[in-house]
$ cat coords20.cif   # mmCIF, C-alpha atoms
data_my_file
loop_
_atom_site.label_atom_id
_atom_site.label_comp_id
_atom_site.auth_asym_id
_atom_site.auth_seq_id
_atom_site.Cartn_x
_atom_site.Cartn_y
_atom_site.Cartn_z
CA MET A 25 -116.77 345.97 52.42
CA THR A 26 -116.79 349.73 52.90
CA SER A 27 -115.07 351.49 55.75
CA ALA A 28 -118.43 352.86 56.92
CA LEU A 29 -119.41 349.32 57.97
CA ILE A 30 -116.20 348.75 59.97
CA PRO A 31 -116.26 350.27 63.46
CA ARG A 32 -113.82 353.15 63.86
CA SER A 33 -111.95 351.45 66.71
CA THR A 34 -111.27 348.44 64.46
CA GLN A 35 -109.99 350.72 61.68
CA GLU A 36 -107.66 352.49 64.13
CA SER A 37 -106.44 349.16 65.50
CA ASP A 38 -105.68 347.84 62.01
CA ARG A 39 -103.87 351.05 61.11
CA SER A 40 -101.80 350.94 64.29
CA THR A 41 -100.92 347.28 63.72
CA GLU A 42 -99.85 347.92 60.12
CA ILE A 43 -97.75 350.91 61.15
CA ALA A 44 -96.16 348.92 63.98
CA HIS A 45 -95.14 346.24 61.47
CA LEU A 46 -93.75 348.90 59.14
CA PHE A 47 -91.84 350.43 62.06
CA VAL A 48 -90.15 347.12 62.87
CA ALA A 49 -89.37 346.46 59.21
CA TYR A 50 -88.13 349.91 58.12
CA ARG A 51 -86.95 351.87 61.16
CA SER A 52 -83.24 351.06 60.86
CA ARG A 53 -83.18 351.67 57.10
CA LEU A 54 -84.94 355.01 57.56
CA LEU A 55 -82.45 355.99 60.28
CA LYS A 56 -79.58 355.25 57.88
CA LEU A 57 -81.31 357.30 55.18
CA ALA A 58 -81.82 360.21 57.58
CA VAL A 59 -78.17 360.15 58.67
CA ALA A 60 -76.99 359.88 55.06
CA SER A 61 -79.22 362.85 54.24
CA GLY A 62 -77.43 364.97 56.83
CA ALA A 63 -79.81 364.56 59.78
CA ASP A 64 -77.10 363.32 62.17
CA ALA A 65 -78.37 363.83 65.74
CA ASP A 66 -81.90 364.57 64.51
CA ALA A 67 -82.27 361.26 62.67
CA GLU A 68 -84.45 359.67 65.38
CA ASP A 69 -86.75 362.69 65.46
CA ILE A 70 -87.03 362.76 61.68
CA VAL A 71 -87.95 359.06 61.52
CA ALA A 72 -90.48 359.50 64.33
CA GLU A 73 -92.02 362.44 62.47
CA ALA A 74 -92.18 360.35 59.29
CA PHE A 75 -94.15 357.63 61.09
CA TYR A 76 -96.43 360.27 62.62
CA GLN A 77 -97.09 361.68 59.14
CA LEU A 78 -97.80 358.15 57.87
CA HIS A 79 -100.31 357.57 60.68
CA LYS A 80 -101.96 360.91 60.04
CA ASN A 81 -102.21 360.38 56.26
CA TRP A 82 -102.81 356.61 56.24
CA ASP A 83 -106.19 356.87 54.52
CA ASP A 84 -104.67 358.89 51.66
CA LEU A 85 -102.20 356.15 50.64
CA ARG A 86 -102.87 354.26 47.41
CA SER A 87 -102.02 350.96 49.07
CA ARG A 88 -100.10 349.46 51.99
CA GLU A 89 -97.17 348.86 49.62
CA ALA A 90 -96.94 352.62 49.04
CA ALA A 91 -96.22 353.19 52.74
CA ALA A 92 -92.50 352.40 52.52
CA GLY A 93 -91.98 354.84 49.66
CA TYR A 94 -94.02 357.44 51.49
CA LEU A 95 -91.82 357.05 54.58
CA ARG A 96 -88.62 357.40 52.52
CA SER A 97 -89.96 360.56 50.87
CA VAL A 98 -90.93 362.11 54.18
CA VAL A 99 -87.51 361.31 55.69
CA ARG A 100 -85.68 362.83 52.70
CA ASN A 101 -87.86 365.95 52.75
CA LEU A 102 -87.48 366.45 56.50
CA ALA A 103 -83.70 366.00 56.22
CA ARG A 104 -83.59 368.58 53.39
CA MET A 105 -85.56 371.02 55.51
CA ARG A 106 -83.09 370.44 58.35
CA LEU A 107 -80.17 371.18 56.01
CA ARG A 108 -81.83 374.41 54.89
CA ARG A 109 -82.28 375.45 58.52
CA LEU A 110 -78.61 374.70 59.23
CA VAL A 111 -77.47 376.75 56.26
CA ILE A 112 -79.57 379.68 57.42
CA ALA A 113 -78.39 379.29 61.01
CA ARG A 114 -74.76 379.25 59.92
CA ARG A 115 -75.30 382.27 57.73
CA TYR A 116 -76.49 384.31 60.69
CA ALA A 117 -74.34 382.70 63.40
CA GLU A 118 -72.00 384.79 65.48
CA PRO A 119 -68.36 384.58 64.41
CA PRO A 120 -66.05 382.78 66.87
CA LEU A 121 -64.69 384.98 69.65
CA CYS A 122 -61.07 384.29 68.80
CA GLU A 123 -59.91 383.35 65.35
CA SER A 124 -56.54 381.68 64.96
CA VAL A 125 -55.88 383.62 61.72
CA VAL A 126 -55.92 387.39 61.78
CA ARG A 127 -56.70 388.90 58.40
CA SER A 128 -56.36 392.42 57.21
CA ALA A 129 -59.50 394.32 56.29
CA GLU A 130 -58.63 393.98 52.63
CA GLN A 131 -58.14 390.21 52.91
CA GLN A 132 -61.45 389.86 54.73
CA VAL A 133 -63.31 391.89 52.07
CA LEU A 134 -61.81 389.79 49.27
CA LEU A 135 -62.65 386.57 51.12
CA ASN A 136 -66.23 387.72 51.71
CA ASN A 137 -66.59 388.68 48.04
CA ASP A 138 -65.31 385.27 46.97
CA LYS A 139 -67.72 383.52 49.35
CA ARG A 140 -70.64 385.55 48.01
CA ALA A 141 -69.65 384.70 44.43
CA VAL A 142 -69.53 380.96 45.22
CA VAL A 143 -72.90 381.04 46.99
CA LYS A 144 -74.43 383.00 44.13
CA ALA A 145 -73.05 380.51 41.60
CA LEU A 146 -74.29 377.55 43.67
CA ARG A 147 -77.79 379.01 43.72
CA ARG A 148 -77.77 379.24 39.93
CA LEU A 149 -77.12 375.50 39.53
CA PRO A 150 -79.98 373.13 38.76
CA ARG A 151 -81.50 371.70 41.96
CA ARG A 152 -80.00 368.19 41.67
CA GLN A 153 -76.50 369.52 40.96
CA PHE A 154 -76.81 371.93 43.88
CA GLU A 155 -77.95 369.18 46.27
CA VAL A 156 -75.23 366.74 45.19
CA ILE A 157 -72.47 369.34 45.54
CA ILE A 158 -73.71 370.45 48.97
CA LEU A 159 -73.99 366.86 50.21
CA ARG A 160 -70.60 365.92 48.75
CA HIS A 161 -68.47 368.94 49.60
CA TRP A 162 -70.25 370.54 52.54
CA MET A 163 -71.58 367.43 54.32
CA ASN A 164 -68.65 365.22 53.20
CA LEU A 165 -70.95 362.33 52.25
CA LYS A 166 -69.78 359.47 50.06
CA GLU A 167 -71.30 359.00 46.61
CA SER A 168 -73.22 355.92 47.77
CA GLU A 169 -74.65 357.83 50.74
CA ILE A 170 -75.72 360.68 48.47
CA ALA A 171 -77.34 358.22 46.08
CA ASP A 172 -79.32 356.64 48.94
CA ALA A 173 -80.31 360.01 50.36
CA MET A 174 -81.52 361.39 47.05
CA GLY A 175 -82.98 358.16 45.71
CA ILE A 176 -80.77 358.16 42.60
CA SER A 177 -77.97 355.93 41.31
CA VAL A 178 -74.29 356.40 42.14
CA GLY A 179 -73.72 357.07 38.44
CA ALA A 180 -76.25 359.90 38.55
CA VAL A 181 -74.46 361.32 41.61
CA LYS A 182 -71.16 361.29 39.70
CA SER A 183 -72.79 362.88 36.67
CA HIS A 184 -74.50 365.65 38.67
CA THR A 185 -71.27 366.31 40.60
CA SER A 186 -69.17 366.55 37.44
CA ARG A 187 -71.65 368.77 35.62
CA GLY A 188 -72.17 370.96 38.67
CA MET A 189 -68.45 371.45 39.29
CA THR A 190 -67.85 372.20 35.60
CA ARG A 191 -70.64 374.74 35.62
CA LEU A 192 -69.37 376.33 38.85
CA SER A 193 -65.89 376.60 37.35
CA GLU A 194 -67.31 378.30 34.27
CA MET A 195 -69.33 380.75 36.35
CA LEU A 196 -66.41 381.56 38.66
CA GLU A 197 -63.66 381.58 36.01
CA PRO A 198 -63.69 385.35 35.40
CA ARG A 199 -63.14 385.91 39.14
CA VAL A 200 -59.95 383.81 39.14
CA ALA A 201 -58.23 385.69 36.31
#

$ encode --input "coords20.cif" --output "structure tokens"
Amino acid sequence: MTSALIPRSTQESDRSTEIAHLFVAYRSRLLKLAVASGADADAEDIVAEAFYQLHKNWDDLRSREAAAGYLRSVVRNLARMRLRRLVIARRYAEPPLCESVVRSAEQQVLLNNDKRAVVKALRRLPRRQFEVIILRHWMNLKESEIADAMGISVGAVKSHTSRGMTRLSEMLEPRVA
């Protein structure tokens, strides 16, 4: 039976019912994924946006079974976008009014140069290594949380972390000497 023969209101009702069932079944798992991906306080909003995107793009899905994977992908992508926004916001944030450590101008210049070198080296890493290192060392996530967030195994997280740290060390080695 083609969709042209089914009244639009029936199609919308079926879609809403299917999405409601998916919401009950997957909401808590998607919230955990969003939090593990670094969404923290925005996890609810990210999951809500994922379900909105599912509703909007329902007709483009291959099958109902593809909906869960679609939701996980949307949550991961929205969480990544949130992390990018946070990085940019921190980059341009005002420094604290009173710092507990007072540094000389020379110390501050050296520290800023070192920070720039690390950021430059991080940007040169392959995407997966970059993401794993950021999630592990900047977001302080556990390996299992990173694996869930990225949709990879814990072994792959360990491998990407090791390779990324080795590569960072090699790129930053001349600066240490």

$ resolve_selection --input "coords20.cif" --expression "the PyMOL selection byres ((chain A and resi 175) around 12)" --output "JSON, numbers by chain"
{"A": [57, 60, 61, 93, 96, 97, 99, 100, 101, 152, 156, 167, 168, 169, 170, 171, 172, 173, 174, 176, 177, 178, 179, 180, 181]}

$ atom_distance --input "coords20.cif" --atom1 "atom CA of Leu55 of chain A" --atom2 "atom CA of Ile70 of chain A"
8.3 Å

$ closest_residue --input "coords20.cif" --among "A:Ala58, A:Leu102, A:Val48, A:Ile43" --to "Leu78 of chain A" --atoms "all atoms listed in the file"
A:Ile43

$ atom_distance --input "coords20.cif" --atom1 "atom CA of Lys166 of chain A" --atom2 "atom CA of Lys144 of chain A"
24.7 Å

$ atom_distance --input "coords20.cif" --atom1 "atom CA of Trp162 of chain A" --atom2 "atom CA of Arg108 of chain A"
12.4 Å

$ closest_residue --input "coords20.cif" --among "A:Arg114, A:Leu159, A:Tyr76, A:Leu149" --to "Thr190 of chain A" --atoms "all atoms listed in the file"
A:Leu149

$ closest_residue --input "coords20.cif" --among "A:Val142, A:Leu46, A:Met189, A:Met105" --to "Ala90 of chain A" --atoms "only C-alpha atoms"
A:Leu46

$ closest_residue --input "coords20.cif" --among "A:Ala103, A:Glu197, A:Gln153, A:Ala49" --to "Thr185 of chain A" --atoms "all atoms listed in the file"
A:Gln153

$ closest_residue --input "coords20.cif" --among "A:Ser128, A:Ala67, A:Phe75, A:Ile157" --to "Lys182 of chain A" --atoms "only C-alpha atoms"
A:Ile157

$ closest_residue --input "coords20.cif" --among "A:Leu54, A:Leu135, A:Met195, A:Ile112" --to "Val98 of chain A" --atoms "all atoms listed in the file"
A:Leu54

$ build_atoms --input "coords20.cif" --residues "segment 67-79 of chain A" --atoms "N, CA and C atoms" --output "JSON list (two decimals), in the coordinates of the input"
[["chain", "number", "residue", "atom", "x", "y", "z"],
["A", 67, "ALA", "N", -81.76, 362.38, 63.46],
["A", 67, "ALA", "CA", -82.27, 361.26, 62.67],
["A", 67, "ALA", "C", -83.45, 360.57, 63.35],
["A", 68, "GLU", "N", -83.36, 360.32, 64.65],
["A", 68, "GLU", "CA", -84.45, 359.67, 65.38],
["A", 68, "GLU", "C", -85.73, 360.51, 65.31],
["A", 69, "ASP", "N", -85.58, 361.81, 65.50],
["A", 69, "ASP", "CA", -86.75, 362.69, 65.46],
["A", 69, "ASP", "C", -87.37, 362.71, 64.07],
["A", 70, "ILE", "N", -86.54, 362.72, 63.05],
["A", 70, "ILE", "CA", -87.03, 362.76, 61.68],
["A", 70, "ILE", "C", -87.80, 361.47, 61.36],
["A", 71, "VAL", "N", -87.27, 360.33, 61.77],
["A", 71, "VAL", "CA", -87.95, 359.06, 61.52],
["A", 71, "VAL", "C", -89.26, 359.01, 62.31],
["A", 72, "ALA", "N", -89.24, 359.47, 63.54],
["A", 72, "ALA", "CA", -90.48, 359.50, 64.33],
["A", 72, "ALA", "C", -91.53, 360.39, 63.66],
["A", 73, "GLU", "N", -91.10, 361.54, 63.16],
["A", 73, "GLU", "CA", -92.02, 362.44, 62.47],
["A", 73, "GLU", "C", -92.57, 361.79, 61.21],
["A", 74, "ALA", "N", -91.73, 361.03, 60.50],
["A", 74, "ALA", "CA", -92.18, 360.35, 59.29],
["A", 74, "ALA", "C", -93.28, 359.34, 59.62],
["A", 75, "PHE", "N", -93.12, 358.59, 60.70],
["A", 75, "PHE", "CA", -94.15, 357.63, 61.09],
["A", 75, "PHE", "C", -95.42, 358.34, 61.56],
["A", 76, "TYR", "N", -95.25, 359.48, 62.23],
["A", 76, "TYR", "CA", -96.43, 360.27, 62.62],
["A", 76, "TYR", "C", -97.20, 360.73, 61.38],
["A", 77, "GLN", "N", -96.46, 361.24, 60.38],
["A", 77, "GLN", "CA", -97.09, 361.68, 59.14],
["A", 77, "GLN", "C", -97.79, 360.52, 58.44],
["A", 78, "LEU", "N", -97.18, 359.33, 58.47],
["A", 78, "LEU", "CA", -97.80, 358.15, 57.87],
["A", 78, "LEU", "C", -99.11, 357.83, 58.59],
["A", 79, "HIS", "N", -99.08, 357.87, 59.91],
["A", 79, "HIS", "CA", -100.31, 357.57, 60.68],
["A", 79, "HIS", "C", -101.39, 358.59, 60.36]]
